[in-house]
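Notes follow once the structure below has been shown.
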Amino acid sequence: MIAFEGVSVEFGGARVLHGIDLRVRAGALCALVGPSGSGKSTLLRLVNRLVEPSAGAVRVRGEDVAALEPTRLRRSIGYAIQSVGLFPHRTVAQNIGTVPRLLGWERARIAARVEELLALVRLDAGLAGRFPAELSGGQAQRVGLARALAADPDILLMDEPFGAVDPIARRGLRAELRRIHAGTGKTVLLVTHDPGEALELATDLAVLRGGRLVASGTALELTAAPVDGFVRELMGGGDLGLRRLGLLPVRAAADAGPPPAGAPAIEEGASLLEALSRMVEARSGVLAVVRGGAPAGSVSLRGLVERPP
Ligand SMILES: Nc1ncnc2c1ncn2[C@@H]1O[C@H](COP(=O)(O)OP(=O)(O)OP(=O)(O)O)[C@@H](O)[C@H]1O
């Protein structure tokens with residue numbers, strides 16, 4: 001769906017990306033992670049031609065973007081950024097309707113779409129007539145997300161989209177993105193400096209360091225066998241084992257046998273990290289696993305440590 005083929009980028013003679021080869025398959029949520037200045041935003045901005053490569057090619061839906069008209073390309077791709085970039089003199093509804101309006105949609109269709117998107121990003125419909133200055137940071141970022149989704153693009157580029165909000169709002173927005181991604185099958189390329197966020201959200205990760213791609217793979221792959229100390233540190237360092245437990249469901253370590261009487265319960269779809277936390281809280285080395293409220297075996301501290309691949 002998106003392919004970087006030997007892509008390098010130079011700014012004023014300084015090379016900031018070095019021969020990047022990366023494929024993002026259709027339907028993936030690929031997180032670009034790496035330290036500040038490693039080239040994440042630059043890589044993202046190649047996709048909608050806000051940045052041009054000095055060597056190599058970028059393909060979107062199989063086509064070399066260099067051959068596509070930038071304005072049309074940009075209208076076909078959702079783009080949400082940390083600073084949100086809402087138009088200050090336009091209402092929330094007008095901001096969300098920007099791309100549909102440019103595409104020539106009828107007024108009634110735009111209004112219906114705005115209403116639908118406000119519900120999708122869980123914003124009160126009463127906010128539609130407000131101006132950006134009258135929103136909280138979290139609300140503004142939800143509007144930014146709604147605007148990026150407005151014309152139902154199959155590709156969404158997100159550059160630190162939840163950067164400017166408090167941890168609770170951030171958690172809510174992450175859950176929204178996960179739900180939207182799961183429900184729509186869009187291809188998402190997400191820049192984040194928070195590897196925990198990347199591990200929680202992404203189906204695939206690409207790790208950049210000094211303008212080079214140093215690792216890529218699924219969250220389970222990167223946490224199972226980090227290619228080097230840098231990637232290991234980035235993926236969690238001393239917490240790597242816990243991060244891994246956060247990626248695996250309880251059912252991956254459950255035993256079929258019944259739990260001891262009185263064992264606290266956990267849903268089989270919860271993560272093993274949640275199971276561990278429940279064990280610590282309840283001072284119990286065993287939990288009863290339930291599936292939709294019905295008994296489905298047990299999970300023990302030992303199983304949790306020894307079972308997951
Ligand atoms: N328009 C530009 N002109 C000159 N240099 C630039 C430009 N944009 C980015 N750079 C440089 O390219 C390098 C990579 O920047 P980029 O923003 O892609 O990194 P990043 O990994 O997204 O960083 P951060 O996490 O801090 O946003 C940096 O050294 C930056 O200073």
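Residue numbering restarts at 1 for every chain of the structure tokens, chains are lettered A, B, ... in their displayed order, and ligands are numbered from 1 as they appear.
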Residues at most 12 Å from ligand 1, using only C-alpha atoms and all ligand atoms? Could they come as a ChimeraX atom specification? /A:8-18,31-46,50-52,81-83,158-161,163,190-195,206-213
Would you give me, as a list in words, the residues in stretch 69-117 of chain A that DSSP reads as helix (DSSP H, G or I)?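 Answer for stretch 69-117 of chain A, restricted to helix (DSSP H, G or I): Pro70, Thr71, Arg72, Leu73, Arg74, Arg75, Val92, Ala93, Gln94, Asn95, Ile96, Thr98, Val99, Pro100, Arg101, Leu102, Arg107, Ala108, Arg109, Ile110, Ala111, Ala112, Arg113, Val114, Glu115, Glu116 and Leu117 of chain A.
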Contacts of A:Ala202 at 9 Å or less, counting only C-alpha atoms, minus same-chain residues fewer than 6 places along, as a ChimeraX atom specification? /A:28-31,178,188,190,218-219
Quick one: everything within 9 Å of A:Gly97, counting only C-alpha atoms, minus sequence neighbours fewer than 6 positions away in the same chain. Send it as a ChimeraX atom specification. /A:110-111,113-114,147,150-151
Interatomic distance (Å, one decimal) between atom CA of A:Arg72 and atom CA of A:Met1: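 These two atoms are separated by 17.1 Å.
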So what do you get for atom CA of A:Ser298 versus atom CA of A:Ala256, distance-wise?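 Here the two named atoms are 6.6 Å from each other.
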Enumerate the residues of stretch 100-243 of chain A with a DSSP assignment of strand (DSSP E), computed from the backbone, and present them as number ranges by chain. A: 155-159, 187-191, 204-209, 212-217
Residues within 9 Å of A:Thr223, only C-alpha atoms, excluding chain neighbours under 2 positions, as a list of chain:residue names: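 After dropping sequence-adjacent residues, the list is A:Thr218, A:Ala219, A:Leu220, A:Glu221, A:Ala225, A:Pro226, A:Val231, A:Arg232, A:Met235, A:Gly236, A:Leu240, A:Gly241, A:Arg243, A:Arg244.
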Could you name the residues that touch A:Ser76 at 9 Å or less, counting only C-alpha atoms, but leaving out those on the same chain fewer than 4 positions away, as a VMD selection string? chain A and resid 71 to 72 151 to 155
Can you spit out the residues from that selection as a CSV table (one decimal), in the first residue's frame, using C-alpha atoms?
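The result, written out as again.csv:
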```csv
chain,number,residue,atom,x,y,z
A,71,THR,CA,-3.0,18.4,-4.4
A,72,ARG,CA,-5.0,15.4,-5.5
A,151,ALA,CA,-13.4,12.1,3.0
A,152,ASP,CA,-12.9,8.5,4.1
A,153,PRO,CA,-9.3,8.1,2.9
A,154,ASP,CA,-7.9,4.6,2.8
A,155,ILE,CA,-4.6,6.0,4.1
```
Work out how far apart atom CA of A:Ala254 and atom CA of A:Ser300 are and give it in Å to one decimal.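 Here the two named atoms are 7.6 Å from each other.
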So which residues touch A:Val121 within 8 Å, counting only C-alpha atoms, skipping near sequence neighbours fewer than 6 positions away, as an MDAnalysis selection string? chainID A and resid 142:143 145:146 176
Hey, can you spit out that residue selection with C-alpha atoms as an mmCIF file, in the first residue's frame?
```
data_model
loop_
_atom_site.group_PDB
_atom_site.id
_atom_site.type_symbol
_atom_site.label_atom_id
_atom_site.label_comp_id
_atom_site.auth_asym_id
_atom_site.auth_seq_id
_atom_site.Cartn_x
_atom_site.Cartn_y
_atom_site.Cartn_z
ATOM 1 C CA ARG A 142 -10.294 14.765 18.140
ATOM 2 C CA VAL A 143 -11.473 17.393 15.652
ATOM 3 C CA LEU A 145 -8.642 13.295 13.675
ATOM 4 C CA ALA A 146 -12.209 13.756 12.396
ATOM 5 C CA GLU A 176 -10.421 5.680 19.593
#
```
